[in-house]
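start.txt, holding compact mmCIF, C-alpha atoms (C1' of nucleotides):
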```
# COMPACT_ATOMS: atom_id res chain seq x y z
CA MET A 1 126.08 98.50 68.77
CA GLU A 2 129.44 97.10 69.79
CA ASP A 3 130.77 100.55 70.73
CA LEU A 4 127.76 101.24 72.97
CA LYS A 5 128.17 97.85 74.65
CA LYS A 6 131.86 98.44 75.19
CA THR A 7 131.30 101.87 76.66
CA ILE A 8 128.67 100.55 79.10
CA ARG A 9 131.01 97.77 80.18
CA SER A 10 133.78 100.27 80.80
CA PHE A 11 131.69 101.39 83.80
CA THR A 12 130.64 98.07 85.33
CA GLN A 13 130.17 94.40 84.56
CA VAL A 14 126.95 93.54 82.70
CA SER A 15 125.84 90.02 81.74
CA ASP A 16 125.07 89.23 78.11
CA SER A 17 121.38 88.70 78.84
CA ASP A 18 121.01 92.01 80.72
CA MET A 19 122.92 93.76 77.97
CA GLU A 20 120.65 92.26 75.34
CA PHE A 21 117.60 93.32 77.32
CA GLY A 22 118.86 96.88 77.59
CA LEU A 23 120.03 97.32 74.02
CA GLN A 24 116.69 96.30 72.51
CA PHE A 25 115.25 99.69 73.53
CA PHE A 26 117.88 101.76 71.74
CA LYS A 27 116.91 103.07 68.33
CA MET A 28 119.31 104.44 65.75
CA LYS A 29 118.65 107.98 64.55
CA THR A 30 120.51 110.22 62.12
CA PHE A 31 120.68 114.00 61.87
CA LYS A 32 122.03 116.00 58.94
CA LYS A 33 124.70 118.60 59.56
CA GLY A 34 123.14 121.87 60.72
CA THR A 35 119.94 120.28 62.08
CA PHE A 36 118.86 120.28 65.72
CA LEU A 37 118.35 117.41 68.15
CA LEU A 38 116.87 119.94 70.60
CA LYS A 39 115.83 123.57 70.70
CA PRO A 40 114.86 125.91 73.55
CA ASP A 41 111.37 125.48 75.04
CA GLN A 42 111.23 121.83 74.02
CA TYR A 43 111.09 119.03 76.56
CA ILE A 44 113.75 116.37 76.14
CA ASP A 45 112.84 112.74 76.65
CA ASP A 46 115.84 111.19 74.86
CA PHE A 47 119.12 109.97 76.21
CA TYR A 48 121.74 109.71 73.45
CA PHE A 49 124.88 107.76 72.71
CA MET A 50 127.05 109.27 69.97
CA LYS A 51 127.89 106.68 67.32
CA LYS A 52 129.33 109.04 64.71
CA GLY A 53 129.59 112.78 64.43
CA CYS A 54 129.76 115.83 66.67
CA VAL A 55 127.08 117.89 68.43
CA SER A 56 127.39 121.24 70.15
CA TYR A 57 125.38 121.97 73.29
CA TYR A 58 124.86 125.70 73.63
CA THR A 59 122.61 128.56 74.62
CA ILE A 60 121.97 131.90 72.97
CA GLU A 61 121.53 134.75 75.43
CA ALA A 62 121.20 138.36 74.36
CA GLY A 63 122.36 137.36 70.90
CA THR A 64 125.49 135.66 72.19
CA THR A 65 126.14 131.98 71.57
CA ARG A 66 127.72 130.18 74.53
CA VAL A 67 128.96 126.66 73.84
CA MET A 68 128.66 124.55 76.95
CA GLU A 69 130.04 121.29 75.54
CA PHE A 70 130.94 119.35 72.41
CA PHE A 71 129.78 115.72 72.25
CA ASN A 72 131.55 113.33 69.89
CA GLU A 73 132.00 109.57 69.42
CA GLY A 74 131.63 107.53 72.63
CA TYR A 75 129.81 110.24 74.61
CA PHE A 76 126.50 109.70 76.37
CA PHE A 77 124.66 112.99 76.21
CA THR A 78 121.38 114.89 76.49
CA ASP A 79 120.42 118.22 78.01
CA LEU A 80 120.83 116.57 81.40
CA TYR A 81 119.75 119.69 83.28
CA ALA A 82 116.37 119.79 81.55
CA TYR A 83 116.11 115.98 81.34
CA ILE A 84 116.53 115.43 85.08
CA GLN A 85 114.21 118.21 86.11
CA GLU A 86 111.69 117.57 83.33
CA ILE A 87 111.59 121.26 82.50
CA PRO A 88 111.67 122.93 79.08
CA SER A 89 115.18 123.19 77.72
CA GLU A 90 116.96 126.52 77.37
CA SER A 91 119.57 125.03 75.07
CA TYR A 92 120.33 123.85 71.58
CA LEU A 93 121.78 120.50 70.57
CA GLU A 94 122.99 121.08 67.02
CA ALA A 95 124.65 118.61 64.66
CA LEU A 96 127.98 120.14 63.61
CA GLU A 97 128.38 117.23 61.17
CA ASP A 98 126.12 114.44 59.93
CA VAL A 99 125.34 112.56 63.12
CA THR A 100 124.37 108.99 63.98
CA VAL A 101 123.14 108.29 67.52
CA TYR A 102 121.55 105.50 69.49
CA THR A 103 118.73 106.82 71.65
CA ILE A 104 116.52 105.54 74.44
CA SER A 105 113.45 107.21 75.93
CA LYS A 106 113.26 108.06 79.62
CA ALA A 107 110.42 105.56 80.14
CA ASP A 108 112.39 102.78 78.47
CA GLN A 109 115.47 103.65 80.46
CA LEU A 110 113.42 103.29 83.63
CA LYS A 111 112.23 99.87 82.44
CA VAL A 112 115.84 98.83 81.90
CA PHE A 113 116.89 100.03 85.35
CA ASP A 114 113.94 98.24 86.94
CA HIS A 115 114.79 95.02 85.14
CA SER A 116 118.55 94.94 85.66
CA HIS A 117 120.41 95.73 88.85
CA GLN A 118 123.68 95.81 86.90
CA LEU A 119 122.36 98.38 84.47
CA GLU A 120 120.90 100.43 87.33
CA ARG A 121 124.40 100.45 88.75
CA PHE A 122 125.71 101.62 85.40
CA GLY A 123 123.21 104.47 85.62
CA ARG A 124 124.39 105.46 89.07
CA LEU A 125 128.06 105.23 88.16
CA SER A 126 127.62 107.27 85.00
CA MET A 127 125.90 109.92 87.13
CA GLN A 128 128.88 109.86 89.48
CA ARG A 129 131.23 110.19 86.53
CA THR A 130 129.25 113.24 85.48
CA PHE A 131 129.68 114.69 88.96
CA VAL A 132 133.44 114.18 88.83
CA ILE A 133 133.69 115.80 85.39
CA ASN A 134 131.59 118.78 86.44
CA PHE A 135 133.64 119.20 89.60
CA GLN A 136 136.83 119.25 87.57
CA ARG A 137 135.25 121.74 85.17
CA ILE A 138 134.38 124.08 88.05
CA ASN A 139 137.92 123.84 89.37
CA GLU A 140 139.38 124.56 85.96
CA LEU A 141 137.11 127.57 85.50
CA ARG A 142 138.12 128.88 88.92
CA ASN A 143 141.81 128.05 89.01
CA LEU A 144 143.18 128.12 85.47
CA SER A 145 143.81 131.04 83.16
CA ASN A 146 142.18 131.09 79.74
CA GLN A 147 145.53 130.26 78.18
CA GLU A 148 145.93 127.26 80.44
CA ARG A 149 142.43 126.04 79.62
CA TYR A 150 143.16 126.40 75.91
CA LEU A 151 146.36 124.36 76.22
CA GLN A 152 144.58 121.73 78.26
CA LEU A 153 141.84 121.38 75.66
CA LEU A 154 144.49 121.05 72.94
CA GLU A 155 146.03 118.22 74.91
CA LYS A 156 142.87 116.43 76.02
CA ARG A 157 140.75 116.71 72.88
CA PRO A 158 143.08 117.50 69.99
CA SER A 159 140.64 116.09 67.41
CA LEU A 160 138.13 118.85 68.23
CA PHE A 161 140.45 121.35 66.59
CA GLN A 162 140.25 119.37 63.32
CA ARG A 163 136.48 119.33 63.15
CA VAL A 164 135.13 122.40 65.00
CA PRO A 165 135.62 126.02 63.86
CA GLN A 166 137.84 128.08 66.10
CA TYR A 167 135.18 130.62 67.04
CA LEU A 168 133.11 127.83 68.61
CA ILE A 169 136.13 126.64 70.56
CA ALA A 170 136.63 130.23 71.71
CA SER A 171 133.02 130.26 72.92
CA TYR A 172 133.52 126.95 74.73
CA LEU A 173 136.53 128.48 76.49
CA GLY A 174 134.50 131.57 77.42
CA LEU A 175 136.44 133.84 75.05
CA THR A 176 135.75 135.96 72.01
CA PRO A 177 137.32 134.83 68.71
CA VAL A 178 139.63 137.84 69.01
CA GLY A 179 140.71 136.81 72.49
CA LEU A 180 141.53 133.26 71.44
CA SER A 181 143.46 134.52 68.44
CA LYS A 182 145.58 136.69 70.74
CA ILE A 183 146.34 133.73 72.99
CA ARG A 184 147.39 131.64 70.00
CA LYS A 185 149.65 134.42 68.78
CA ARG A 186 151.22 134.87 72.21
CA LEU A 187 151.95 131.12 72.35
CA SER A 188 153.38 130.94 68.84
CA GLN A 189 155.84 133.70 69.62
CA LYS A 190 157.62 131.59 72.20
CA MET B 1 117.72 114.97 114.77
CA GLU B 2 114.49 116.60 113.69
CA ASP B 3 116.26 118.92 111.25
CA LEU B 4 118.07 116.02 109.57
CA LYS B 5 114.78 114.09 109.28
CA LYS B 6 113.04 117.10 107.82
CA THR B 7 115.79 117.70 105.29
CA ILE B 8 115.74 114.07 104.13
CA ARG B 9 111.96 114.19 103.75
CA SER B 10 112.24 117.36 101.65
CA PHE B 11 113.71 115.08 98.95
CA THR B 12 111.36 112.10 99.08
CA GLN B 13 108.86 110.27 101.26
CA VAL B 14 110.40 108.02 103.92
CA SER B 15 108.45 105.82 106.34
CA ASP B 16 109.00 106.21 110.09
CA SER B 17 110.56 102.75 110.37
CA ASP B 18 113.01 103.30 107.49
CA MET B 19 113.87 106.70 108.92
CA GLU B 20 114.51 105.21 112.33
CA PHE B 21 116.70 102.53 110.77
CA GLY B 22 118.75 105.10 108.91
CA LEU B 23 119.15 107.61 111.71
CA GLN B 24 120.58 105.05 114.16
CA PHE B 25 123.88 105.12 112.24
CA PHE B 26 124.38 108.86 112.53
CA LYS B 27 126.68 110.02 115.31
CA MET B 28 126.92 113.55 116.62
CA LYS B 29 130.35 115.17 116.49
CA THR B 30 131.57 118.63 117.44
CA PHE B 31 134.54 120.66 116.20
CA LYS B 32 135.96 123.79 117.80
CA LYS B 33 136.38 126.91 115.71
CA GLY B 34 139.62 126.76 113.73
CA THR B 35 139.91 122.96 113.77
CA PHE B 36 139.79 120.72 110.72
CA LEU B 37 137.30 118.03 109.72
CA LEU B 38 139.64 117.10 106.86
CA LYS B 39 143.09 117.97 105.59
CA PRO B 40 144.92 117.21 102.32
CA ASP B 41 146.25 113.66 101.85
CA GLN B 42 143.66 112.22 104.21
CA TYR B 43 140.98 109.82 103.01
CA ILE B 44 137.44 110.84 103.87
CA ASP B 45 134.96 108.21 104.97
CA ASP B 46 132.39 110.53 106.55
CA PHE B 47 129.26 112.04 105.12
CA TYR B 48 128.13 115.05 107.18
CA PHE B 49 124.94 116.91 107.94
CA MET B 50 125.47 120.38 109.39
CA LYS B 51 123.48 120.83 112.59
CA LYS B 52 125.06 124.09 113.75
CA GLY B 53 127.95 126.18 112.52
CA CYS B 54 129.82 126.90 109.32
CA VAL B 55 132.61 125.08 107.49
CA SER B 56 134.74 126.25 104.60
CA TYR B 57 135.83 123.80 101.92
CA TYR B 58 139.01 125.00 100.27
CA THR B 59 142.37 124.21 98.74
CA ILE B 60 145.73 125.91 99.08
CA GLU B 61 147.72 125.98 95.86
CA ALA B 62 151.02 127.82 95.52
CA GLY B 63 150.28 129.59 98.79
CA THR B 64 146.86 130.78 97.62
CA THR B 65 143.69 129.80 99.46
CA ARG B 66 140.75 129.07 97.17
CA VAL B 67 137.40 128.64 98.88
CA MET B 68 135.24 126.22 96.94
CA GLU B 69 132.16 126.32 99.18
CA PHE B 70 130.74 127.32 102.57
CA PHE B 71 128.56 124.75 104.31
CA ASN B 72 126.14 125.92 106.99
CA GLU B 73 123.00 124.67 108.75
CA GLY B 74 120.93 122.19 106.74
CA TYR B 75 123.71 121.27 104.27
CA PHE B 76 124.80 117.71 103.57
CA PHE B 77 128.50 117.88 102.84
CA THR B 78 131.81 116.06 102.54
CA ASP B 79 134.70 116.30 100.10
CA LEU B 80 132.46 114.54 97.58
CA TYR B 81 135.16 114.43 94.92
CA ALA B 82 137.56 112.46 97.13
CA TYR B 83 134.72 110.55 98.84
CA ILE B 84 133.26 109.17 95.61
CA GLN B 85 136.58 108.26 94.07
CA GLU B 86 138.08 107.03 97.35
CA ILE B 87 141.23 108.99 96.70
CA PRO B 88 143.25 111.15 99.12
CA SER B 89 141.71 114.58 99.54
CA GLU B 90 143.40 117.71 98.21
CA SER B 91 141.21 119.95 100.32
CA TYR B 92 140.57 121.34 103.77
CA LEU B 93 137.28 121.28 105.66
CA GLU B 94 137.77 123.88 108.39
CA ALA B 95 135.35 124.93 111.12
CA LEU B 96 134.89 128.68 110.81
CA GLU B 97 132.84 128.56 114.02
CA ASP B 98 132.16 125.94 116.66
CA VAL B 99 130.47 123.20 114.68
CA THR B 100 128.00 120.40 115.44
CA VAL B 101 127.43 117.75 112.77
CA TYR B 102 125.71 114.41 112.39
CA THR B 103 127.91 111.98 110.52
CA ILE B 104 127.61 108.55 108.94
CA SER B 105 130.39 106.32 107.59
CA LYS B 106 130.41 105.18 103.98
CA ALA B 107 129.95 101.55 105.04
CA ASP B 108 126.96 102.43 107.21
CA GLN B 109 125.48 104.53 104.44
CA LEU B 110 125.71 101.53 102.14
CA LYS B 111 123.92 99.41 104.77
CA VAL B 112 121.14 101.99 104.90
CA PHE B 113 120.78 102.09 101.12
CA ASP B 114 120.73 98.28 100.97
CA HIS B 115 118.05 98.11 103.65
CA SER B 116 115.72 100.85 102.45
CA HIS B 117 114.64 101.49 98.89
CA GLN B 118 113.23 104.86 99.94
CA LEU B 119 116.54 105.95 101.40
CA GLU B 120 118.41 104.69 98.35
CA ARG B 121 116.12 106.93 96.35
CA PHE B 122 116.97 109.80 98.68
CA GLY B 123 120.63 109.08 97.88
CA ARG B 124 120.02 109.16 94.16
CA LEU B 125 117.92 112.31 94.32
CA SER B 126 120.44 114.14 96.49
CA MET B 127 123.09 113.21 93.91
CA GLN B 128 120.85 114.65 91.20
CA ARG B 129 120.39 117.80 93.26
CA THR B 130 124.15 118.08 93.45
CA PHE B 131 124.34 117.77 89.67
CA VAL B 132 121.81 120.56 89.22
CA ILE B 133 123.65 122.83 91.65
CA ASN B 134 127.01 122.17 89.99
CA PHE B 135 125.52 122.79 86.57
CA GLN B 136 124.15 126.14 87.72
CA ARG B 137 127.52 126.96 89.25
CA ILE B 138 129.29 126.28 85.96
CA ASN B 139 126.80 128.48 84.13
CA GLU B 140 127.26 131.28 86.62
CA LEU B 141 131.04 131.08 86.35
CA ARG B 142 130.79 131.19 82.57
CA ASN B 143 128.01 133.70 82.05
CA LEU B 144 128.02 136.17 84.92
CA SER B 145 130.45 138.94 85.77
CA ASN B 146 132.13 138.99 89.16
CA GLN B 147 129.88 141.87 90.19
CA GLU B 148 126.78 139.90 89.22
CA ARG B 149 128.00 136.85 91.13
CA TYR B 150 128.63 139.02 94.19
CA LEU B 151 125.13 140.48 94.02
CA GLN B 152 123.63 137.03 93.57
CA LEU B 153 125.47 135.70 96.61
CA LEU B 154 124.26 138.69 98.63
CA GLU B 155 120.72 137.83 97.62
CA LYS B 156 120.86 134.05 97.97
CA ARG B 157 122.95 133.68 101.12
CA PRO B 158 122.86 137.01 102.97
CA SER B 159 123.67 135.39 106.29
CA LEU B 160 127.13 134.38 105.03
CA PHE B 161 128.11 138.04 105.09
CA GLN B 162 127.34 138.18 108.81
CA ARG B 163 129.51 135.23 109.76
CA VAL B 164 132.33 134.93 107.20
CA PRO B 165 135.16 137.46 106.74
CA GLN B 166 135.07 139.35 103.48
CA TYR B 167 138.40 138.06 102.21
CA LEU B 168 137.05 134.50 102.29
CA ILE B 169 133.98 135.59 100.37
CA ALA B 170 136.31 137.24 97.85
CA SER B 171 138.13 133.93 97.50
CA TYR B 172 134.84 132.08 97.04
CA LEU B 173 133.96 134.50 94.24
CA GLY B 174 137.37 134.01 92.64
CA LEU B 175 138.56 137.52 93.50
CA THR B 176 141.29 139.13 95.57
CA PRO B 177 140.18 141.13 98.63
CA VAL B 178 141.18 144.26 96.73
CA GLY B 179 139.02 143.29 93.78
CA LEU B 180 135.95 142.68 95.92
CA SER B 181 136.47 145.95 97.74
CA LYS B 182 136.48 147.78 94.40
CA ILE B 183 133.24 146.12 93.35
CA ARG B 184 131.60 147.12 96.64
CA LYS B 185 132.78 150.69 96.19
CA ARG B 186 131.50 150.84 92.62
CA LEU B 187 128.10 149.58 93.78
CA SER B 188 127.87 151.97 96.72
CA GLN B 189 128.47 154.95 94.45
CA LYS B 190 125.22 154.40 92.56
C1' DG C 1 142.27 151.57 128.02
C1' DA C 2 146.41 150.88 125.29
C1' DC C 3 148.57 147.91 122.11
C1' DA C 4 148.91 144.39 118.71
C1' DT C 5 146.76 141.87 115.27
C1' DT C 6 143.57 141.09 111.80
C1' DT C 7 140.60 142.79 108.23
C1' DA C 8 139.10 146.23 104.75
C1' DT C 9 139.98 150.14 101.77
C1' DT C 10 142.51 153.06 98.68
C1' DA C 11 146.02 154.33 95.20
C1' DA C 12 149.11 153.43 91.29
C1' DA C 13 150.97 150.76 87.81
C1' DC C 14 150.03 146.81 85.13
C1' DT C 15 147.68 142.87 82.49
C1' DG C 16 144.71 139.98 79.91
C1' DG C 17 140.93 140.24 78.29
C1' DT C 18 136.91 143.17 75.67
C1' DT C 19 134.69 145.85 71.60
C1' DT C 20 134.75 147.66 67.12
C1' DA C 21 136.49 147.83 62.69
C1' DA C 22 139.48 146.69 58.97
C1' DT C 23 141.93 143.20 56.54
C1' DA C 24 143.34 138.67 55.08
C1' DA C 25 142.71 134.00 54.12
C1' DG C 26 139.86 129.91 52.99
C1' DA C 27 135.78 127.54 51.20
C1' DA C 28 131.70 127.16 48.67
C1' DT C 29 128.84 128.72 44.54
C1' DT C 30 128.03 130.19 40.17
C1' DA D 1 138.07 131.62 37.28
C1' DA D 2 135.52 135.02 39.62
C1' DT D 3 132.51 136.00 43.28
C1' DT D 4 130.58 135.62 47.59
C1' DC D 5 130.40 134.11 52.22
C1' DT D 6 132.57 132.49 56.22
C1' DT D 7 136.39 132.29 59.34
C1' DA D 8 140.72 134.05 61.43
C1' DT D 9 143.92 137.74 62.41
C1' DT D 10 145.42 142.30 63.56
C1' DA D 11 145.15 147.02 65.49
C1' DA D 12 143.46 150.54 68.68
C1' DA D 13 140.98 152.09 72.45
C1' DC D 14 138.98 150.47 76.59
C1' DC D 15 137.87 148.06 81.01
C1' DA D 16 137.63 145.04 85.01
C1' DG D 17 140.45 142.80 87.24
C1' DT D 18 145.53 142.05 89.27
C1' DT D 19 149.82 143.12 92.37
C1' DT D 20 152.15 145.77 95.68
C1' DA D 21 152.18 148.92 99.23
C1' DA D 22 150.29 152.21 102.40
C1' DT D 23 146.61 153.41 105.37
C1' DA D 24 142.46 152.96 108.05
C1' DA D 25 139.20 150.52 110.74
C1' DA D 26 137.78 146.82 113.64
C1' DT D 27 138.77 143.24 116.88
C1' DG D 28 141.10 140.77 120.50
C1' DT D 29 144.32 140.67 124.38
C1' DC D 30 146.89 141.91 128.20
```
Target format structure tokens, applied to this file:
Amino acid sequence: MEDLKKTIRSFTQVSDSDMEFGLQFFKMKTFKKGTFLLKPDQYIDDFYFMKKGCVSYYTIEAGTTRVMEFFNEGYFFTDLYAYIQEIPSESYLEALEDVTVYTISKADQLKVFDHSHQLERFGRLSMQRTFVINFQRINELRNLSNQERYLQLLEKRPSLFQRVPQYLIASYLGLTPVGLSKIRKRLSQK
Amino acid sequence: MEDLKKTIRSFTQVSDSDMEFGLQFFKMKTFKKGTFLLKPDQYIDDFYFMKKGCVSYYTIEAGTTRVMEFFNEGYFFTDLYAYIQEIPSESYLEALEDVTVYTISKADQLKVFDHSHQLERFGRLSMQRTFVINFQRINELRNLSNQERYLQLLEKRPSLFQRVPQYLIASYLGLTPVGLSKIRKRLSQK
DNA sequence: GACATTTATTAAACTGGTTTAATAAGAATT
DNA sequence: AATTCTTATTAAACCAGTTTAATAAATGTC
């Protein structure tokens, strides 16, 4: 669990004993490609850390798949909207590849936060990080063109394009596959 | 400060003594219509509660004003992005009307959270509320048409249309004034 | 009450996406 | 190797917005 440890410590300092206390609650789970960590109408009690693989977080509305996010190595993830509010999910978490995660239940996470002030701080800071990322996402959706958002994704997460089919990337960008193809053509002609 | 008290208690239970302790740090401030609570390149140390009035939170990029949010009575607000990260703001907070706010400094807020577990919880829950609102905003930007977002704003915040000029509402919706006018015409023809 | 300024609408030409459908290219299966 | 299934591109018609410019309506000021 070195990668999990390292990621936690990238947020805030945590003593070895607190870290040990926290990590004992994480269990390793694996999911085969094409299987689901979560489906609509289910409650989600798990908080995940991605050890290996890639998961897409999406909804299907009126027959249309809308990819909200891709989670790969080093990401903490869950359906945070449903998790926080303790309401049934409206989303899918689907393994796009064989996936290995570490997972902790909400009750255990609460135990950890109760026990360790440092880890509680990690929890708060990771929530703040989420705020900052969501804020940037809103600004990008409002201020950038689709082409600009495509180029930015290419720059920020180039590895996605090696492992995720293009029509899912189009969906993530809020485009149809046809629309993304047009953008790519336009760019290649320059 | 009854309205502030009531709003805090809508998040979580707070004892009278903790409430009294917290409220002592809030100061009342007023701003005349057209003046600024914040301008780009300034650091923001204040966390506001809107007692009376309306503030727009916006950026100007390449000569274009982009309204991110309107804050009116009962809102907690600041430039949270700059506030959290303690970086210079890129935004304006402008009084669209004469404004009365209660405000608390970041240092004082930390004192309050240190002193009162209940108020710390209020802080965490209000952060979670912000997450939920931002998440919904992202979904609306991705999944709804401009017309749908206009209709939703009409329904959710009808009073805005009484106090804010239409071209600012257009900006909030990510439209030009011309675009919003077309939508209104289309709707009125049904 | 007349004038100047700000705000909202309309028109016309344009643009970057959409949908639908056909085709091409790549990958998996037998 | 041939077949089938999935993924990506292209074309054509369409649509909801844009920009620019002119006009109309509302508001504020002297």
Do a neighbour search on C:DT29 at 12 Å with all atoms listed in the file, toss out local chain neighbours closer than 3 positions, and write the hits as a PyMOL selection string.
chain D and resi 2-5
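Between atom CA of A:Phe25 and atom CA of A:Ser105 the interatomic distance comes to 8.1 Å.
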Within 10 Å of chain A, which residues of chain C come that close, and what is the closest atom pair and distance in Å for each? Count all atoms listed in the file and give it as a Markdown table.
```
| residue | atom | partner | partner_atom | distance |
| --- | --- | --- | --- | --- |
| C:DG16 | C1' | A:Gly179 | CA | 9.0 |
| C:DG17 | C1' | A:Gly179 | CA | 6.7 |
| C:DT18 | C1' | A:Gly179 | CA | 8.1 |
| C:DT19 | C1' | A:Val178 | CA | 9.8 |
```
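Of note, atom CA of B:Arg66 and atom CA of B:Tyr102 are spaced 25.9 Å apart.
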Would you kindly report the residues of chain D within 12 Å of chain B, using all atoms listed in the file, as a PyMOL selection string?
chain D and resi 16-20+26
Could you work out which residues of chain B fall inside 7 Å of chain A? Count all atoms listed in the file, and format the result as number ranges by chain.
B: 81, 131-132, 134, 138, 142, 174
As JSON, what would the box around stretch 149-153 of chain B look like: edges along x, y and z, 8 Å added on every side, centre and edge lengths in Å to one decimal?
```
{"center_x": 126.1, "center_y": 138.1, "center_z": 93.9, "size_x": 21.0, "size_y": 20.8, "size_z": 21.5}
```
Point-to-point distance in Å for atom CA of B:Phe71 and atom CA of B:Arg157
11.0 Å
For A:Ser89, the nearest of the candidates A:Thr65, A:Gln118, A:Thr103, A:Thr59, counting all atoms listed in the file:
A:Thr59
C:DT7 environment, 10 Å, only C-alpha atoms (C1' of nucleotides), sequence neighbours closer than 2 positions dropped, as a PyMOL selection string:
(chain B and resi 165-167+177) or (chain C and resi 5+9) or (chain D and resi 25-27)
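Around B:Asp3, within 10 Å and counting all atoms listed in the file, the residues found are B:Ile8, B:Arg9, B:Phe49, B:Met50, B:Lys51, B:Glu73, B:Gly74, once anything fewer than 5 positions away on its own chain is removed.
Distances from A:Leu187, A:Met19, A:Val164, A:Leu119 to A:Tyr150 were compared using all atoms listed in the file, and the smallest one belongs to A:Leu187.
Nearest to B:Ile44 of all the residues B:Val67, B:Val101, B:Ala107, B:Leu4 is B:Ala107, based on only C-alpha atoms.
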All residues 12 Å or closer to C:DA22, all atoms listed in the file, same chain fewer than 3 positions away omitted, as a list in words:
DT9, DT10, DA11 and DA12 of chain D
How about saving the chosen residues, C-alpha atoms (C1' of nucleotides) kept, as an mmCIF file, in the coordinates of the input?
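Once written, again_27.cif looks like this:
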```cif
data_model
loop_
_atom_site.group_PDB
_atom_site.id
_atom_site.type_symbol
_atom_site.label_atom_id
_atom_site.label_comp_id
_atom_site.auth_asym_id
_atom_site.auth_seq_id
_atom_site.Cartn_x
_atom_site.Cartn_y
_atom_site.Cartn_z
ATOM 1 C "C1'" DT D 9 143.920 137.740 62.410
ATOM 2 C "C1'" DT D 10 145.420 142.300 63.560
ATOM 3 C "C1'" DA D 11 145.150 147.020 65.490
ATOM 4 C "C1'" DA D 12 143.460 150.540 68.680
#
```
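All residues that come within 12 Å of the coordinates (137.3, 119.8, 65.0), counting all atoms listed in the file, are given as Gly53, Cys54, Val55, Ser56, Phe70, Phe71, Asn72, Leu96, Glu97, Leu153, Leu154, Arg157, Pro158, Ser159, Leu160, Phe161, Gln162, Arg163, Val164, Pro165, Gln166, Tyr167, Leu168 and Ile169 of chain A.
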